[in-house]
>>> print(open('run35.txt').read())   # compact mmCIF, C-alpha atoms
# COMPACT_ATOMS: atom_id res chain seq x y z
CA MET D 1 -106.94 -140.62 -19.54
CA CYS D 2 -109.25 -137.83 -20.68
CA THR D 3 -107.72 -134.34 -20.78
CA ARG D 4 -110.06 -131.54 -19.80
CA GLU D 5 -110.39 -128.88 -22.48
CA LEU D 6 -109.28 -125.38 -21.50
CA PHE D 7 -112.27 -123.12 -20.91
CA LEU D 8 -111.95 -119.33 -20.99
CA LYS D 9 -114.89 -116.96 -21.29
CA VAL D 10 -115.75 -113.27 -20.84
CA VAL D 11 -119.47 -112.51 -21.11
CA LEU D 12 -120.98 -109.03 -21.38
CA GLU D 13 -124.71 -108.86 -20.64
CA SER D 14 -126.44 -105.59 -21.64
CA VAL D 15 -123.48 -103.58 -20.38
CA ASN D 16 -123.81 -99.79 -20.08
CA VAL D 17 -120.88 -97.68 -18.90
CA VAL D 18 -120.91 -93.94 -18.22
CA ARG D 19 -117.75 -91.79 -18.16
CA GLY D 20 -117.71 -88.05 -17.74
CA GLY D 21 -121.50 -87.92 -17.75
CA ARG D 22 -121.63 -89.61 -21.16
CA VAL D 23 -122.79 -93.12 -22.03
CA VAL D 24 -119.69 -94.61 -23.66
CA LEU D 25 -120.84 -98.21 -23.88
CA ARG D 26 -124.53 -98.84 -24.49
CA ASP D 27 -126.35 -102.20 -24.17
CA ILE D 28 -123.37 -104.31 -25.21
CA THR D 29 -123.99 -108.04 -25.20
CA ALA D 30 -121.15 -110.26 -26.38
CA THR D 31 -119.25 -113.41 -25.50
CA PHE D 32 -115.48 -113.80 -25.91
CA GLU D 33 -114.51 -117.47 -25.72
CA GLY D 34 -110.99 -118.84 -25.67
CA PRO D 35 -108.48 -119.90 -26.37
CA GLY D 36 -108.59 -117.42 -29.22
CA LEU D 37 -108.08 -113.80 -30.24
CA TYR D 38 -110.73 -111.08 -30.49
CA GLN D 39 -110.19 -107.59 -31.85
CA VAL D 40 -111.90 -104.40 -30.69
CA ILE D 41 -111.69 -101.50 -33.15
CA GLY D 42 -113.30 -98.10 -33.57
CA PRO D 43 -112.47 -94.40 -33.94
CA ASN D 44 -110.62 -92.54 -31.18
CA GLY D 45 -112.90 -91.98 -28.20
CA SER D 46 -115.26 -94.80 -29.18
CA GLY D 47 -114.81 -96.68 -25.90
CA LYS D 48 -112.17 -99.31 -26.64
CA THR D 49 -110.14 -98.64 -23.51
CA THR D 50 -113.35 -98.26 -21.50
CA LEU D 51 -114.41 -101.75 -22.62
CA LEU D 52 -111.14 -103.31 -21.44
CA LEU D 53 -111.25 -101.51 -18.09
CA THR D 54 -114.84 -102.69 -17.62
CA ILE D 55 -113.88 -106.31 -18.30
CA LEU D 56 -110.97 -105.89 -15.89
CA GLY D 57 -113.34 -104.61 -13.19
CA VAL D 58 -111.73 -101.17 -12.87
CA LEU D 59 -114.90 -99.54 -14.20
CA LYS D 60 -118.33 -100.67 -13.07
CA PRO D 61 -121.33 -100.79 -15.43
CA VAL D 62 -124.33 -98.63 -14.50
CA LYS D 63 -126.42 -101.38 -16.06
CA GLY D 64 -125.73 -104.98 -17.01
CA LYS D 65 -122.88 -107.19 -15.85
CA VAL D 66 -119.57 -108.78 -16.83
CA ILE D 67 -118.94 -112.46 -16.14
CA VAL D 68 -115.43 -113.94 -16.31
CA GLU D 69 -115.04 -117.72 -16.26
CA THR D 70 -111.96 -119.89 -16.60
CA SER D 71 -111.07 -123.52 -16.03
CA ALA D 72 -107.36 -122.70 -16.16
CA TYR D 73 -105.55 -123.52 -12.95
CA THR D 74 -103.29 -120.61 -12.16
CA ASN D 75 -101.54 -119.26 -9.07
CA ALA D 76 -101.59 -115.80 -10.62
CA PRO D 77 -104.41 -113.40 -11.58
CA ARG D 78 -106.97 -114.66 -14.08
CA MET D 79 -106.41 -111.58 -16.23
CA SER D 80 -103.52 -109.32 -17.13
CA TYR D 81 -103.76 -105.92 -18.78
CA MET D 82 -101.49 -103.89 -21.04
CA PRO D 83 -102.37 -100.18 -20.91
CA GLN D 84 -101.36 -97.65 -23.54
CA THR D 85 -97.80 -96.39 -23.17
CA HIS D 86 -98.77 -92.85 -22.11
CA SER D 87 -99.21 -94.39 -18.64
CA LEU D 88 -95.60 -95.61 -18.56
CA PRO D 89 -93.65 -93.98 -15.69
CA LYS D 90 -90.66 -93.00 -17.83
CA ASP D 91 -89.23 -90.69 -15.17
CA ALA D 92 -89.02 -93.44 -12.56
CA PRO D 93 -85.45 -94.52 -11.66
CA ILE D 94 -86.06 -98.11 -12.73
CA THR D 95 -84.60 -100.36 -15.39
CA VAL D 96 -86.55 -102.27 -18.01
CA TYR D 97 -85.77 -105.56 -16.24
CA GLU D 98 -86.91 -104.19 -12.86
CA PHE D 99 -90.07 -102.78 -14.42
CA VAL D 100 -91.10 -106.27 -15.54
CA GLU D 101 -89.69 -108.19 -12.57
CA ASN D 102 -91.30 -105.97 -9.92
CA TYR D 103 -94.74 -106.43 -11.46
CA TYR D 104 -94.24 -110.19 -11.26
CA ILE D 105 -93.24 -109.92 -7.59
CA LEU D 106 -96.22 -107.68 -6.79
CA SER D 107 -98.71 -110.08 -8.38
CA ARG D 108 -97.25 -113.00 -6.44
CA SER D 109 -97.29 -111.24 -3.06
CA LYS D 110 -100.87 -110.14 -3.69
CA PHE D 111 -101.79 -113.83 -3.86
CA ARG D 112 -99.68 -114.62 -0.76
CA LEU D 113 -97.49 -117.05 -2.63
CA ARG D 114 -94.09 -118.16 -1.45
CA ASP D 115 -92.69 -117.96 -4.93
CA VAL D 116 -89.12 -117.11 -5.88
CA VAL D 117 -89.15 -114.75 -8.85
CA GLY D 118 -88.65 -116.80 -11.98
CA LYS D 119 -85.64 -115.22 -13.64
CA GLU D 120 -86.26 -117.41 -16.65
CA ARG D 121 -89.84 -116.13 -16.88
CA VAL D 122 -88.79 -112.47 -16.92
CA GLU D 123 -86.04 -113.09 -19.46
CA LYS D 124 -88.36 -115.15 -21.62
CA VAL D 125 -90.96 -112.39 -22.02
CA LEU D 126 -88.30 -109.73 -22.64
CA GLU D 127 -86.96 -111.86 -25.48
CA LEU D 128 -90.47 -112.69 -26.66
CA VAL D 129 -91.44 -109.05 -27.19
CA GLY D 130 -88.15 -108.25 -28.91
CA ILE D 131 -86.25 -106.17 -26.36
CA PRO D 132 -82.50 -106.79 -26.90
CA LYS D 133 -80.39 -107.74 -23.87
CA SER D 134 -78.40 -104.55 -24.28
CA LEU D 135 -81.49 -102.60 -23.11
CA TRP D 136 -82.60 -104.81 -20.21
CA TYR D 137 -80.70 -102.78 -17.64
CA GLU D 138 -81.22 -99.37 -19.20
CA LYS D 139 -83.52 -96.86 -17.51
CA LEU D 140 -87.06 -96.66 -18.87
CA SER D 141 -86.48 -92.99 -19.64
CA ARG D 142 -83.89 -93.94 -22.25
CA LEU D 143 -86.21 -96.15 -24.30
CA SER D 144 -87.61 -95.17 -27.68
CA GLY D 145 -91.38 -95.11 -28.08
CA GLY D 146 -91.35 -98.54 -29.73
CA MET D 147 -89.20 -100.14 -27.02
CA ALA D 148 -91.31 -98.55 -24.29
CA GLN D 149 -94.33 -100.17 -25.91
CA ARG D 150 -92.60 -103.55 -25.82
CA ALA D 151 -91.69 -103.08 -22.16
CA VAL D 152 -95.33 -102.49 -21.21
CA LEU D 153 -96.34 -105.58 -23.19
CA ALA D 154 -93.67 -107.68 -21.44
CA ARG D 155 -95.00 -106.49 -18.08
CA ALA D 156 -98.47 -107.76 -18.94
CA LEU D 157 -97.23 -111.09 -20.29
CA VAL D 158 -94.93 -111.92 -17.38
CA LEU D 159 -97.94 -112.86 -15.23
CA ASP D 160 -98.80 -115.71 -17.63
CA ALA D 161 -102.52 -115.06 -17.01
CA PRO D 162 -104.98 -117.13 -19.09
CA ILE D 163 -106.91 -114.01 -20.18
CA VAL D 164 -104.91 -111.09 -21.59
CA LEU D 165 -106.30 -107.63 -22.40
CA LEU D 166 -104.06 -105.56 -24.70
CA ASP D 167 -104.75 -101.88 -25.39
CA GLU D 168 -103.22 -100.97 -28.76
CA PRO D 169 -100.08 -103.15 -28.51
CA PHE D 170 -98.89 -102.09 -31.99
CA ALA D 171 -98.70 -98.35 -31.26
CA ASN D 172 -95.25 -96.80 -31.84
CA ILE D 173 -93.79 -100.03 -33.23
CA ASP D 174 -92.10 -100.06 -36.64
CA PRO D 175 -93.74 -101.98 -39.54
CA GLU D 176 -91.38 -104.97 -39.36
CA GLY D 177 -91.81 -105.16 -35.60
CA LYS D 178 -95.59 -105.12 -35.98
CA VAL D 179 -95.48 -108.19 -38.21
CA GLU D 180 -93.24 -110.03 -35.72
CA LEU D 181 -95.46 -109.05 -32.79
CA ALA D 182 -98.59 -110.17 -34.65
CA GLU D 183 -97.07 -113.65 -34.97
CA VAL D 184 -96.24 -113.69 -31.25
CA LEU D 185 -99.81 -112.76 -30.29
CA GLY D 186 -101.27 -115.19 -32.82
CA SER D 187 -99.25 -118.03 -31.35
CA MET D 188 -100.19 -117.02 -27.82
CA SER D 189 -103.90 -117.04 -28.70
CA LYS D 190 -103.74 -120.81 -29.15
CA SER D 191 -103.51 -121.26 -25.39
CA LYS D 192 -104.99 -118.01 -24.01
CA LEU D 193 -107.93 -115.66 -24.53
CA LEU D 194 -106.65 -112.40 -26.00
CA ILE D 195 -108.81 -109.29 -26.38
CA VAL D 196 -106.88 -106.69 -28.36
CA THR D 197 -107.77 -103.10 -29.28
CA SER D 198 -106.29 -101.91 -32.55
CA HIS D 199 -106.41 -99.29 -35.27
CA ASP D 200 -105.33 -101.80 -37.93
CA PRO D 201 -107.38 -105.02 -37.86
CA ILE D 202 -105.45 -106.49 -40.81
CA LEU D 203 -102.34 -107.17 -38.70
CA LEU D 204 -104.08 -109.86 -36.64
CA LEU D 205 -106.80 -110.83 -39.09
CA GLU D 206 -105.61 -114.40 -39.75
CA HIS D 207 -105.65 -115.12 -36.00
CA THR D 208 -108.95 -113.38 -35.22
CA LYS D 209 -112.11 -115.23 -34.20
CA LYS D 210 -114.41 -112.22 -34.01
CA VAL D 211 -114.26 -108.43 -34.26
CA MET D 212 -116.14 -105.80 -32.25
CA VAL D 213 -116.51 -102.28 -33.65
CA LEU D 214 -117.43 -99.47 -31.25
CA GLY D 215 -118.61 -95.95 -31.89
CA TYR D 216 -121.40 -93.40 -31.59
CA GLY D 217 -123.02 -95.28 -28.71
CA SER D 218 -123.42 -98.37 -30.87
CA TYR D 219 -121.49 -101.53 -31.70
CA ALA D 220 -121.20 -104.42 -34.12
CA PHE D 221 -119.85 -107.84 -33.20
CA GLY D 222 -119.25 -110.88 -35.37
CA GLU D 223 -116.82 -112.84 -37.49
CA PRO D 224 -114.34 -110.73 -39.50
CA SER D 225 -116.19 -111.36 -42.77
CA GLU D 226 -119.42 -110.07 -41.20
CA VAL D 227 -117.94 -106.92 -39.66
CA LEU D 228 -115.00 -105.84 -41.81
CA ASN D 229 -116.99 -104.74 -44.82
CA THR D 230 -117.80 -101.32 -46.23
CA GLY D 231 -121.45 -101.29 -45.15
CA VAL D 232 -120.78 -101.99 -41.47
CA LEU D 233 -117.59 -99.96 -41.11
CA ARG D 234 -119.07 -96.79 -42.63
CA GLU D 235 -121.60 -96.70 -39.79
CA PHE D 236 -118.68 -96.16 -37.41
CA TYR D 237 -115.90 -94.54 -39.47
CA LYS D 238 -118.11 -92.53 -41.87
CA LYS D 239 -115.98 -91.22 -44.76
CA CYS D 240 -112.78 -92.71 -43.32
CA VAL D 241 -113.57 -96.02 -45.04
CA VAL D 242 -112.68 -96.53 -48.68
CA GLU D 243 -112.91 -99.56 -50.92
CA ILE D 244 -110.00 -100.09 -53.32
CA GLU D 245 -110.34 -102.97 -55.77
CA ARG D 246 -112.76 -104.75 -53.42
CA HIS D 247 -110.43 -104.39 -50.41
CA VAL D 248 -111.68 -102.29 -47.52
CA HIS D 249 -109.27 -99.84 -45.86
CA ILE D 250 -109.79 -97.77 -42.72
CA ILE D 251 -108.13 -94.35 -42.85
CA ASP D 252 -107.69 -93.94 -39.14
CA TRP D 253 -105.37 -91.78 -37.10
CA HIS D 254 -103.41 -92.34 -33.91
>>> encode(input="run35.txt", output="structure tokens")
Amino acid sequence: MCTRELFLKVVLESVNVVRGGRVVLRDITATFEGPGLYQVIGPNGSGKTTLLLTILGVLKPVKGKVIVETSAYTNAPRMSYMPQTHSLPKDAPITVYEFVENYYILSRSKFRLRDVVGKERVEKVLELVGIPKSLWYEKLSRLSGGMAQRAVLARALVLDAPIVLLDEPFANIDPEGKVELAEVLGSMSKSKLLIVTSHDPILLLEHTKKVMVLGYGSYAFGEPSEVLNTGVLREFYKKCVVEIERHVHIIDWH
């Protein structure tokens, strides 16, 4: 019997997005095909979050269009999104477990499914992102910055959507945790389409199909070897790019 190959695609066709009276994304044409992992990098304010929100449909282009296609059969949303942790409601009287579980319930009810919450699913993603059981029933307000980041990631992953948009998933996480998380995302990209914004492209480099760099109303998009070089990066990061013994480093801040 022939098994149908999984087909995941996000296509941007001459996309222009305006925010605050300013053109943030200008004439972007690119195709993200999965399974696989794509990175979006660029200086602060370059439009990385705007790009993800446009793909998600939260922001509408003033010109061009976004096409999302998937052959994956799923009784959940086609896409899930991890925002940056500054949007985390830390003052809410809710535990880490409830924060993840309630999002799962909400997504199911939105699709009118008679689905009992999968306890195993919630526990699996909490373990996957590295939140110890001792913190599962703690209030969100008691989490460190790194653990809060992991909680937001778990919330996005619990939907098991075939296309996952992650906005700076490595922020606030310690160096060892970043390496562990990179392996988790790399493994996940074998069966899903991941689009990840980052300030450090090296962390996911071995798993990355293509890189998009945004900034100054322009962009570059291609394989890592085509984009992550001094000539291209200096167009976007200016003097924040240095070359040390033939290795390119981005001196970024966040």
>>> closest_residue(input="run35.txt", among="D:Ala156, D:Gly146, D:Glu223, D:Glu120", to="Phe99 in chain D", atoms="all atoms listed in the file")
D:Ala156
>>> residues_near_point(input="run35.txt", point="(-108.6, -115.5, -29.4)", cutoff="7 Å", atoms="all atoms listed in the file", output="VMD selection string")
chain D and resid 34 to 38 189 192 to 195 208 to 209
>>> residues_near_point(input="run35.txt", point="(-108.6, -100.5, -27.9)", cutoff="7 Å", atoms="only C-alpha atoms", output="MDAnalysis selection string")
chainID D and resid 40:41 48:49 167:168 196:198
>>> residues_around(input="run35.txt", residues="Arg19 in chain D", least_positions_apart="6", cutoff="10 Å", atoms="only C-alpha atoms", output="PDB file with C-alpha atoms, in the coordinates of the input")
ATOM      1  CA  LEU D  25    -120.840 -98.210 -23.880  1.00  0.00           C
ATOM      2  CA  GLY D  47    -114.810 -96.680 -25.900  1.00  0.00           C
ATOM      3  CA  THR D  50    -113.350 -98.260 -21.500  1.00  0.00           C
ATOM      4  CA  LEU D  59    -114.900 -99.540 -14.200  1.00  0.00           C
TER       5      LEU D  59
END
>>> atom_distance(input="run35.txt", atom1="CA of Phe32 in chain D", atom2="CA of Leu204 in chain D")
16.1 Å
>>> residues_around(input="run35.txt", residues="Glu101 in chain D", least_positions_apart="3", cutoff="10 Å", atoms="all atoms listed in the file", output="PyMOL selection string")
chain D and resi 95-98+104-106+117-119+121-123+154-155+158-159
>>> residues_around(input="run35.txt", residues="Val227 in chain D", least_positions_apart="3", cutoff="12 Å", atoms="all atoms listed in the file", output="list of chain:residue names")
D:Gln39, D:Val40, D:Ile41, D:Gly42, D:Pro201, D:Leu205, D:Thr208, D:Lys209, D:Lys210, D:Val211, D:Met212, D:Val213, D:Leu214, D:Tyr219, D:Ala220, D:Phe221, D:Gly222, D:Glu223, D:Pro224, D:Thr230, D:Gly231, D:Val232, D:Leu233, D:Arg234, D:Glu235, D:Phe236, D:Val248
>>> atom_distance(input="run35.txt", atom1="CA of Cys240 in chain D", atom2="CA of Asn44 in chain D")
12.3 Å
>>> atom_distance(input="run35.txt", atom1="CA of Ile94 in chain D", atom2="CA of Tyr81 in chain D")
20.3 Å
>>> closest_residue(input="run35.txt", among="D:Asp160, D:Glu13, D:Asp200, D:Glu69", to="Val125 in chain D", atoms="all atoms listed in the file")
D:Asp160
>>> closest_residue(input="run35.txt", among="D:Pro162, D:Pro83, D:Gly21, D:Pro61", to="Phe7 in chain D", atoms="only C-alpha atoms")
D:Pro162
>>> closest_residue(input="run35.txt", among="D:Ser71, D:Ser144, D:Ser218, D:Ser191", to="Arg26 in chain D", atoms="all atoms listed in the file")
D:Ser218
>>> decode(input="run35.txt", residues="range 115-187 of chain D", atoms="C-alpha atoms", output="tab-separated table (two decimals), in the first residue's frame")
chain	number	residue	atom	x	y	z
D	115	ASP	CA	-13.02	15.05	23.10
D	116	VAL	CA	-12.02	14.21	26.65
D	117	VAL	CA	-8.89	16.16	27.55
D	118	GLY	CA	-5.90	13.92	27.03
D	119	LYS	CA	-4.14	13.93	30.37
D	120	GLU	CA	-1.28	12.05	28.77
D	121	ARG	CA	-0.97	14.74	26.09
D	122	VAL	CA	-0.68	17.57	28.62
D	123	GLU	CA	1.81	15.66	30.75
D	124	LYS	CA	3.82	14.69	27.70
D	125	VAL	CA	4.41	18.27	26.55
D	126	LEU	CA	5.21	19.48	30.08
D	127	GLU	CA	7.89	16.80	30.27
D	128	LEU	CA	9.02	17.51	26.71
D	129	VAL	CA	9.79	21.18	27.40
D	130	GLY	CA	11.56	20.35	30.66
D	131	ILE	CA	9.17	21.56	33.36
D	132	PRO	CA	9.67	19.34	36.44
D	133	LYS	CA	6.58	17.75	38.02
D	134	SER	CA	7.21	19.74	41.19
D	135	LEU	CA	6.17	22.89	39.29
D	136	TRP	CA	3.13	21.56	37.41
D	137	TYR	CA	0.70	22.72	40.09
D	138	GLU	CA	2.49	25.92	41.04
D	139	LYS	CA	0.97	29.28	40.11
D	140	LEU	CA	2.34	30.91	36.97
D	141	SER	CA	3.35	33.91	39.06
D	142	ARG	CA	5.90	31.77	40.90
D	143	LEU	CA	7.78	30.68	37.79
D	144	SER	CA	11.22	31.95	36.86
D	145	GLY	CA	11.63	33.62	33.47
D	146	GLY	CA	13.03	30.42	31.96
D	147	MET	CA	10.23	28.22	33.29
D	148	ALA	CA	7.61	30.72	32.16
D	149	GLN	CA	9.11	30.48	28.68
D	150	ARG	CA	8.80	26.70	28.79
D	151	ALA	CA	5.17	26.95	29.92
D	152	VAL	CA	4.27	29.13	26.93
D	153	LEU	CA	6.03	26.67	24.62
D	154	ALA	CA	4.14	23.72	26.16
D	155	ARG	CA	0.87	25.58	25.58
D	156	ALA	CA	1.64	25.89	21.88
D	157	LEU	CA	2.76	22.28	21.51
D	158	VAL	CA	-0.20	20.70	23.32
D	159	LEU	CA	-2.40	21.30	20.26
D	160	ASP	CA	-0.21	18.97	18.18
D	161	ALA	CA	-0.79	21.21	15.13
D	162	PRO	CA	1.14	20.28	11.96
D	163	ILE	CA	2.44	23.87	11.53
D	164	VAL	CA	4.05	25.53	14.55
D	165	LEU	CA	5.09	29.20	14.78
D	166	LEU	CA	7.53	29.94	17.62
D	167	ASP	CA	8.46	33.51	18.57
D	168	GLU	CA	11.89	33.46	20.25
D	169	PRO	CA	11.49	30.15	22.14
D	170	PHE	CA	15.04	30.38	23.56
D	171	ALA	CA	14.56	33.70	25.38
D	172	ASN	CA	15.25	33.56	29.14
D	173	ILE	CA	16.43	29.93	29.01
D	174	ASP	CA	19.83	28.97	30.42
D	175	PRO	CA	22.59	27.78	28.01
D	176	GLU	CA	22.21	24.08	28.85
D	177	GLY	CA	18.45	24.32	28.50
D	178	LYS	CA	18.82	25.98	25.10
D	179	VAL	CA	20.83	23.03	23.80
D	180	GLU	CA	18.23	20.56	25.09
D	181	LEU	CA	15.37	22.58	23.61
D	182	ALA	CA	17.15	22.82	20.25
D	183	GLU	CA	17.23	19.02	20.10
D	184	VAL	CA	13.52	18.84	20.94
D	185	LEU	CA	12.62	21.29	18.16
D	186	GLY	CA	14.98	19.59	15.72
D	187	SER	CA	13.33	16.24	16.35
